[in-house]
$ cat upload37.csv   # CSV, C-alpha atoms and all ligand atoms
chain,number,residue,atom,x,y,z
A,141,MET,CA,0.0,0.0,0.0
A,142,LYS,CA,1.3,3.5,-0.9
A,143,GLN,CA,1.8,6.0,1.9
A,144,THR,CA,-1.0,8.3,0.8
A,145,GLU,CA,-3.4,5.3,0.7
A,146,MET,CA,-2.3,4.3,4.2
A,147,ILE,CA,-3.0,7.8,5.4
A,148,ASN,CA,-6.4,8.1,3.7
A,149,LYS,CA,-7.6,4.7,4.8
A,150,THR,CA,-6.5,5.5,8.4
A,151,LYS,CA,-8.3,8.8,8.3
A,152,GLN,CA,-11.5,7.1,7.3
A,153,TRP,CA,-11.1,4.4,10.0
A,154,VAL,CA,-10.4,6.9,12.8
A,155,LYS,CA,-13.3,9.0,11.7
A,156,ASN,CA,-15.6,6.0,12.1
A,157,GLN,CA,-14.2,5.2,15.5
A,158,LEU,CA,-15.0,8.7,16.8
A,159,LEU,CA,-18.5,9.2,15.4
A,160,GLU,CA,-20.0,9.1,18.9
A,161,GLU,CA,-17.3,11.1,20.7
A,162,LYS,CA,-18.5,14.0,22.8
A,163,THR,CA,-15.7,14.7,25.3
A,164,GLY,CA,-13.5,16.8,23.1
A,165,HIS,CA,-11.7,13.9,21.4
A,166,ASP,CA,-14.0,14.1,18.4
A,167,TRP,CA,-12.9,13.8,14.8
A,168,GLN,CA,-12.5,17.6,14.4
A,169,HIS,CA,-9.9,17.6,17.2
A,170,ILE,CA,-8.0,14.8,15.4
A,171,ARG,CA,-8.3,16.7,12.1
A,172,ARG,CA,-6.9,19.9,13.5
A,173,VAL,CA,-4.0,18.1,15.3
A,174,THR,CA,-3.1,16.1,12.3
A,175,LYS,CA,-3.0,19.2,10.0
A,176,GLN,CA,-0.9,21.1,12.5
A,177,ALA,CA,1.4,18.1,13.0
A,178,GLU,CA,1.8,17.6,9.2
A,179,GLU,CA,2.7,21.3,8.8
A,180,MET,CA,5.3,21.0,11.5
A,181,ALA,CA,6.7,17.8,10.1
A,182,GLU,CA,7.3,19.6,6.8
A,183,VAL,CA,9.2,22.5,8.5
A,184,GLU,CA,11.2,20.2,10.8
A,185,GLY,CA,12.0,17.5,8.2
A,186,ALA,CA,10.4,14.7,10.2
A,187,ASP,CA,9.0,11.4,8.9
A,188,LYS,CA,5.6,12.4,7.5
A,189,LEU,CA,4.0,8.9,7.6
A,190,VAL,CA,4.9,8.4,11.3
A,191,VAL,CA,3.8,11.9,12.3
A,192,THR,CA,0.5,11.7,10.4
A,193,LEU,CA,-0.5,8.2,11.6
A,194,ALA,CA,0.5,9.0,15.2
A,195,ALA,CA,-1.5,12.2,15.1
A,196,LEU,CA,-4.5,10.4,13.7
A,197,THR,CA,-4.5,7.6,16.3
A,198,HIS,CA,-3.2,9.5,19.4
A,199,ASP,CA,-6.6,9.6,21.2
A,200,LEU,CA,-7.7,6.1,20.3
A,201,ILE,CA,-6.0,4.6,23.4
A,202,ASP,CA,-7.4,7.2,25.8
A,203,ASP,CA,-9.7,5.6,28.4
A,204,LYS,CA,-12.1,8.5,27.8
A,205,VAL,CA,-12.6,7.1,24.3
A,206,VAL,CA,-12.1,3.4,24.6
A,207,GLU,CA,-12.7,0.9,27.5
A,208,SER,CA,-9.1,0.7,28.4
A,209,GLU,CA,-5.7,1.7,27.1
A,210,GLU,CA,-4.9,-2.0,26.6
A,211,GLN,CA,-8.0,-2.5,24.4
A,212,GLY,CA,-7.2,0.6,22.4
A,213,LEU,CA,-3.7,-0.5,21.8
A,214,GLN,CA,-4.8,-3.8,20.6
A,215,MET,CA,-7.2,-2.2,18.1
A,216,VAL,CA,-4.6,0.3,16.8
A,217,ASN,CA,-1.9,-2.4,16.5
A,218,GLN,CA,-4.2,-4.6,14.5
A,219,TRP,CA,-5.1,-1.7,12.2
A,220,PHE,CA,-1.5,-1.0,11.5
A,221,SER,CA,-0.8,-4.6,10.7
A,222,GLU,CA,-3.8,-4.6,8.3
A,223,ILE,CA,-2.5,-1.7,6.3
A,224,GLY,CA,0.9,-3.3,6.1
A,225,LEU,CA,3.0,-0.9,8.2
A,226,SER,CA,6.5,-2.0,9.0
A,227,ASP,CA,7.3,-3.2,12.5
A,228,THR,CA,9.7,-0.3,13.0
A,229,GLU,CA,7.2,2.3,12.0
A,230,ARG,CA,4.4,0.6,14.0
A,231,ASN,CA,6.6,0.5,17.2
A,232,HIS,CA,7.6,4.1,16.7
A,233,ILE,CA,4.0,5.3,16.5
A,234,ILE,CA,2.8,3.1,19.4
A,235,ASN,CA,5.7,4.5,21.4
A,236,ILE,CA,4.6,8.1,20.6
A,237,ILE,CA,0.9,7.7,21.4
A,238,THR,CA,1.5,5.8,24.7
A,239,SER,CA,4.0,8.5,25.8
A,240,MET,CA,1.7,11.4,25.0
A,241,SER,CA,-1.0,11.9,27.6
A,242,PHE,CA,-0.5,14.6,30.3
A,243,LYS,CA,-2.0,12.8,33.3
A,244,GLY,CA,-1.0,12.7,36.9
A,245,GLY,CA,2.7,13.1,36.1
A,246,ASN,CA,3.0,9.9,34.0
A,247,ASN,CA,3.7,11.8,30.8
A,248,LYS,CA,7.1,10.7,29.5
A,249,ALA,CA,9.5,12.9,27.7
A,250,MET,CA,9.4,12.5,24.0
A,251,THR,CA,12.6,11.1,22.6
A,252,THR,CA,12.1,11.4,18.8
A,253,LEU,CA,11.4,14.4,16.6
A,254,GLU,CA,8.2,12.8,15.4
A,255,GLY,CA,7.0,12.4,19.0
A,256,LYS,CA,7.8,16.0,19.9
A,257,ILE,CA,5.9,17.3,16.9
A,258,VAL,CA,2.7,15.2,17.6
A,259,GLN,CA,2.8,16.1,21.3
A,260,ASP,CA,3.1,19.8,20.5
A,261,ALA,CA,0.3,19.7,17.9
A,262,ASP,CA,-2.0,18.0,20.5
A,263,ARG,CA,-1.1,20.6,23.2
A,264,LEU,CA,-1.7,23.5,20.8
A,265,ASP,CA,-5.3,22.3,20.3
A,266,ALA,CA,-5.8,22.7,24.0
A,267,LEU,CA,-4.8,26.4,23.7
A,268,GLY,CA,-6.3,29.5,22.1
A,269,ALA,CA,-9.9,30.0,21.1
A,270,ILE,CA,-10.4,26.3,20.3
A,271,GLY,CA,-8.7,25.3,23.6
A,272,ILE,CA,-11.1,27.7,25.5
A,273,ALA,CA,-14.1,26.3,23.7
A,274,ARG,CA,-13.0,22.7,24.4
A,275,THR,CA,-12.5,23.4,28.0
A,276,PHE,CA,-16.1,24.7,28.5
A,277,ILE,CA,-17.5,21.8,26.5
A,278,TYR,CA,-15.6,19.3,28.7
A,279,SER,CA,-16.5,21.0,31.9
A,280,GLY,CA,-20.2,21.2,30.9
A,281,SER,CA,-20.2,17.5,30.1
A,282,LYS,CA,-19.0,16.8,33.6
A,283,GLY,CA,-21.6,19.1,35.1
A,284,GLN,CA,-19.0,21.5,36.4
A,285,PRO,CA,-19.7,25.2,36.6
A,286,MET,CA,-17.9,27.6,34.2
A,287,TYR,CA,-16.5,29.5,37.2
A,288,ASP,CA,-16.6,29.2,41.0
A,289,PRO,CA,-14.7,32.0,42.8
A,290,ALA,CA,-14.2,29.7,45.8
A,291,LEU,CA,-12.1,27.3,43.7
A,292,SER,CA,-9.9,29.7,41.8
A,293,VAL,CA,-7.1,30.4,41.5
A,294,ARG,CA,-5.6,27.0,42.2
A,295,ASP,CA,-3.1,24.9,40.2
A,296,SER,CA,-3.6,21.6,41.9
A,297,MET,CA,-6.3,19.6,43.5
A,298,THR,CA,-6.6,16.7,45.8
A,299,LEU,CA,-7.6,13.3,44.3
A,300,GLU,CA,-10.8,13.5,46.4
A,301,GLU,CA,-11.7,16.8,44.8
A,302,TYR,CA,-11.0,15.4,41.3
A,303,ARG,CA,-13.2,12.4,42.0
A,304,ASN,CA,-16.0,14.6,43.1
A,305,GLY,CA,-15.6,16.8,40.1
A,306,GLN,CA,-15.0,19.8,42.3
A,307,SER,CA,-13.5,22.1,39.7
A,308,SER,CA,-14.6,24.6,37.1
A,309,ALA,CA,-13.8,25.4,33.5
A,310,ILE,CA,-11.9,28.5,34.6
A,311,ASN,CA,-9.9,26.6,37.1
A,312,HIS,CA,-8.7,24.2,34.4
A,313,PHE,CA,-6.7,27.1,32.9
A,314,TYR,CA,-4.6,27.1,36.0
A,315,GLU,CA,-4.5,23.3,36.4
A,316,LYS,CA,-3.3,22.8,32.9
A,317,LEU,CA,-3.7,25.3,30.0
A,318,LEU,CA,-1.5,28.1,31.3
A,319,LYS,CA,1.3,25.6,32.0
A,320,LEU,CA,1.5,24.2,28.4
A,321,LYS,CA,3.4,27.1,26.9
A,322,ASP,CA,6.5,26.1,28.8
A,323,LEU,CA,6.2,22.4,28.0
A,324,MET,CA,6.4,22.8,24.2
A,325,ASN,CA,9.2,20.8,22.5
A,326,THR,CA,9.8,22.5,19.1
A,327,GLU,CA,10.5,26.1,18.2
A,328,GLU,CA,7.4,26.3,16.0
A,329,GLY,CA,5.3,24.9,18.8
A,330,LYS,CA,6.7,27.5,21.3
A,331,ARG,CA,5.9,30.3,18.8
A,332,ILE,CA,2.3,29.3,18.3
A,333,ALA,CA,1.7,28.4,22.0
A,334,SER,CA,3.0,31.9,23.0
A,335,VAL,CA,0.4,33.6,20.8
A,336,ARG,CA,-2.4,31.4,22.1
A,337,HIS,CA,-1.2,31.9,25.7
A,338,THR,CA,-1.5,35.6,25.4
A,339,PHE,CA,-5.0,35.3,23.9
A,340,MET,CA,-6.1,33.1,26.9
A,341,GLU,CA,-4.7,35.6,29.4
A,342,GLU,CA,-6.7,38.4,27.7
A,343,PHE,CA,-9.8,36.1,27.8
A,344,LEU,CA,-9.4,35.5,31.5
A,345,GLU,CA,-9.0,39.2,32.2
A,346,GLN,CA,-12.2,40.1,30.4
A,347,PHE,CA,-14.0,37.1,31.9
A,348,TYR,CA,-13.3,38.3,35.5
A,349,ASP,CA,-14.2,41.9,34.5
A,350,GLU,CA,-17.6,40.8,33.2
A,351,TRP,CA,-18.2,38.4,36.2
A,352,GLY,CA,-17.9,41.2,38.7
A,353,ASN,CA,-18.1,40.9,42.5
A,354,GLU,CA,-20.9,39.2,44.4
A,401,LIG,P1,-6.1,15.8,24.7
A,401,LIG,O1,-5.0,14.9,25.0
A,401,LIG,O2,-6.7,15.6,23.4
A,401,LIG,O3,-5.8,17.3,24.9
A,401,LIG,P2,-7.6,15.7,27.2
A,401,LIG,O4,-8.4,14.5,27.7
A,401,LIG,O5,-6.4,16.1,28.0
A,401,LIG,O6,-7.3,15.4,25.7
A,401,LIG,O7,-8.6,16.9,27.1
A,401,LIG,C1,-9.6,17.1,26.2
A,401,LIG,C2,-10.0,18.6,26.2
A,401,LIG,O8,-10.7,18.8,27.4
A,401,LIG,C3,-8.8,19.5,26.2
A,401,LIG,O9,-9.1,20.7,25.6
A,401,LIG,C4,-8.6,19.8,27.7
A,401,LIG,O10,-8.0,21.0,28.0
A,401,LIG,C5,-10.1,19.7,28.2
A,401,LIG,N1,-10.1,19.2,29.6
A,401,LIG,C6,-9.4,18.1,30.1
A,401,LIG,N2,-9.6,18.0,31.4
A,401,LIG,C7,-10.4,19.0,31.8
A,401,LIG,C8,-11.0,19.4,33.0
A,401,LIG,N3,-10.8,18.7,34.1
A,401,LIG,N4,-11.8,20.5,33.0
A,401,LIG,C9,-12.0,21.2,31.8
A,401,LIG,N5,-11.5,20.8,30.7
A,401,LIG,C10,-10.7,19.8,30.6
A,402,NI,NI,-5.7,14.8,21.6

$ encode --input "upload37.csv" --output "structure tokens"
Amino acid sequence: MKQTEMINKTKQWVKNQLLEEKTGHDWQHIRRVTKQAEEMAEVEGADKLVVTLAALTHDLIDDKVVESEEQGLQMVNQWFSEIGLSDTERNHIINIITSMSFKGGNNKAMTTLEGKIVQDADRLDALGAIGIARTFIYSGSKGQPMYDPALSVRDSMTLEEYRNGQSSAINHFYEKLLKLKDLMNTEEGKRIASVRHTFMEEFLEQFYDEWGNE
């Protein structure tokens, strides 16, 4: 199978997997991340096939999307075998997507250029106007308020508070979004993140302004 065919087939397959997704891991997120990652791969001279396929499948092993990471991995591995990807490429991609998530400190440092690019592209989609919108959608789906002055400004929560969903969309900026700018791997990633960071700071300022005091 030719590379373009592998990519197009995988796009269609991933799209079908995510038809029912409502938590922010929908196909449109994948589409944006993949486009961003492809552009960065071009600039940085990275392996385009690995970058594109990793971007396309990066959320398919998230336990918000599938039953378990294990089940997701099995599904993705099988797909890559079906389209005839080499073992080296398959292992590289699996390595990237398992290293990617930013959860409870278990995110591993990316060792390859391709991994750095895909991780940056995913993080960029959590920033800026889209990032703000995704945060409010996610919080809404969890029944959280958009803002609770009693909770803000805090950058960490206890496990108990997490389990009880005691947070807010605004608080998520401090828990995660405003930290991402300093975690970017590539120069292009840093540049775009910085623009989106400034936009989010302006958004917060205006939000507090409009909220007023009780
Ligand atoms: P991804 O790896 O695709 O960024 P995440 O599961 O980390 O996926 O998050 C999906 C989206 O929901 C992101 O935009 C993220 O910022 C947002 N999000 C994640 N956790 C929370 C939360 N506790 N409150 C509000 N938004 C969240
Ligand atoms: Ni993602």

$ residues_near_ligand --input "upload37.csv" --ligand "ligand NI 402 (chain A)" --cutoff "9 Å" --atoms "all atoms listed in the file" --output "short mmCIF file (atom, residue, chain, number, x, y, z; two decimals) with C-alpha atoms, keeping the file's coordinate frame"
data_model
loop_
_atom_site.label_atom_id
_atom_site.label_comp_id
_atom_site.auth_asym_id
_atom_site.auth_seq_id
_atom_site.Cartn_x
_atom_site.Cartn_y
_atom_site.Cartn_z
CA GLY A 164 -13.50 16.80 23.10
CA HIS A 165 -11.70 13.90 21.40
CA ASP A 166 -14.00 14.10 18.40
CA HIS A 169 -9.90 17.60 17.20
CA ILE A 170 -8.00 14.80 15.40
CA VAL A 173 -4.00 18.10 15.30
CA ALA A 195 -1.50 12.20 15.10
CA HIS A 198 -3.20 9.50 19.40
CA ASP A 199 -6.60 9.60 21.20
CA ASP A 202 -7.40 7.20 25.80
CA MET A 240 1.70 11.40 25.00
CA SER A 241 -1.00 11.90 27.60
CA GLN A 259 2.80 16.10 21.30
CA ALA A 261 0.30 19.70 17.90
CA ASP A 262 -2.00 18.00 20.50
CA ARG A 263 -1.10 20.60 23.20
CA ASP A 265 -5.30 22.30 20.30
CA ALA A 266 -5.80 22.70 24.00
#

$ residues_around --input "upload37.csv" --residues "Glu222 of chain A" --least-positions-apart "6" --cutoff "12 Å" --atoms "only C-alpha atoms" --output "PDB file with C-alpha atoms, keeping the file's coordinate frame"
ATOM      1  CA  MET A 141       0.000   0.000   0.000  1.00  0.00           C
ATOM      2  CA  MET A 146      -2.300   4.300   4.200  1.00  0.00           C
ATOM      3  CA  LYS A 149      -7.600   4.700   4.800  1.00  0.00           C
ATOM      4  CA  THR A 150      -6.500   5.500   8.400  1.00  0.00           C
ATOM      5  CA  TRP A 153     -11.100   4.400  10.000  1.00  0.00           C
ATOM      6  CA  MET A 215      -7.200  -2.200  18.100  1.00  0.00           C
ATOM      7  CA  VAL A 216      -4.600   0.300  16.800  1.00  0.00           C
ATOM      8  CA  ARG A 230       4.400   0.600  14.000  1.00  0.00           C
TER       9      ARG A 230
END

$ atom_distance --input "upload37.csv" --atom1 "atom CA of Asp203 of chain A" --atom2 "atom CA of Ile237 of chain A"
12.9 Å

$ atom_distance --input "upload37.csv" --atom1 "atom CA of Gln152 of chain A" --atom2 "atom CA of Ser226 of chain A"
20.2 Å

$ closest_residue --input "upload37.csv" --among "A:Thr251, A:Gln218, A:Asn156, A:Thr275" --to "ligand LIG 401 (chain A)" --atoms "all atoms listed in the file"
A:Thr275

$ closest_residue --input "upload37.csv" --among "A:Asn231, A:Gln157, A:Gln306, A:Ser279" --to "ligand LIG 401 (chain A)" --atoms "all atoms listed in the file"
A:Ser279

$ closest_residue --input "upload37.csv" --among "A:Thr174, A:Thr192, A:Gln214, A:Thr228" --to "ligand LIG 401 (chain A)" --atoms "all atoms listed in the file"
A:Thr174

$ atom_distance --input "upload37.csv" --atom1 "atom CA of Lys319 of chain A" --atom2 "atom CA of Glu184 of chain A"
24.0 Å

$ closest_residue --input "upload37.csv" --among "A:Ala249, A:Ile233, A:Ile223, A:Val205" --to "ligand LIG 401 (chain A)" --atoms "all atoms listed in the file"
A:Val205

$ closest_residue --input "upload37.csv" --among "A:Leu291, A:Ile234, A:Lys155, A:Gln284" --to "Glu210 of chain A" --atoms "only C-alpha atoms"
A:Ile234

$ residues_around --input "upload37.csv" --residues "segment 267-270 of chain A" --least-positions-apart "4" --cutoff "8 Å" --atoms "all atoms listed in the file" --output "ChimeraX atom specification"
/A:263,274,317,333,335-337,339-340

$ closest_residue --input "upload37.csv" --among "A:Pro289, A:Gly212, A:Gly224, A:Gly280" --to "ligand LIG 401 (chain A)" --atoms "all atoms listed in the file"
A:Gly280

$ residues_around --input "upload37.csv" --residues "Leu213 of chain A" --least-positions-apart "6" --cutoff "9 Å" --atoms "all atoms listed in the file" --output "NGL selection string"
:A and (200-201 or 234 or 238)

$ residues_around --input "upload37.csv" --residues "segment 343-345 of chain A" --least-positions-apart "3" --cutoff "12 Å" --atoms "all atoms listed in the file" --output "list in words"
Leu267, Gly268, Ala269, Gly271, Ile272, Ala273, Met286, Tyr287, Ser292, Val293, Ala309, Ile310, Asn311, His312, Phe313, Tyr314, Leu317, Leu318, Arg336, His337, Thr338, Phe339, Met340, Tyr348, Asp349, Glu350, Trp351 and Gly352 of chain A
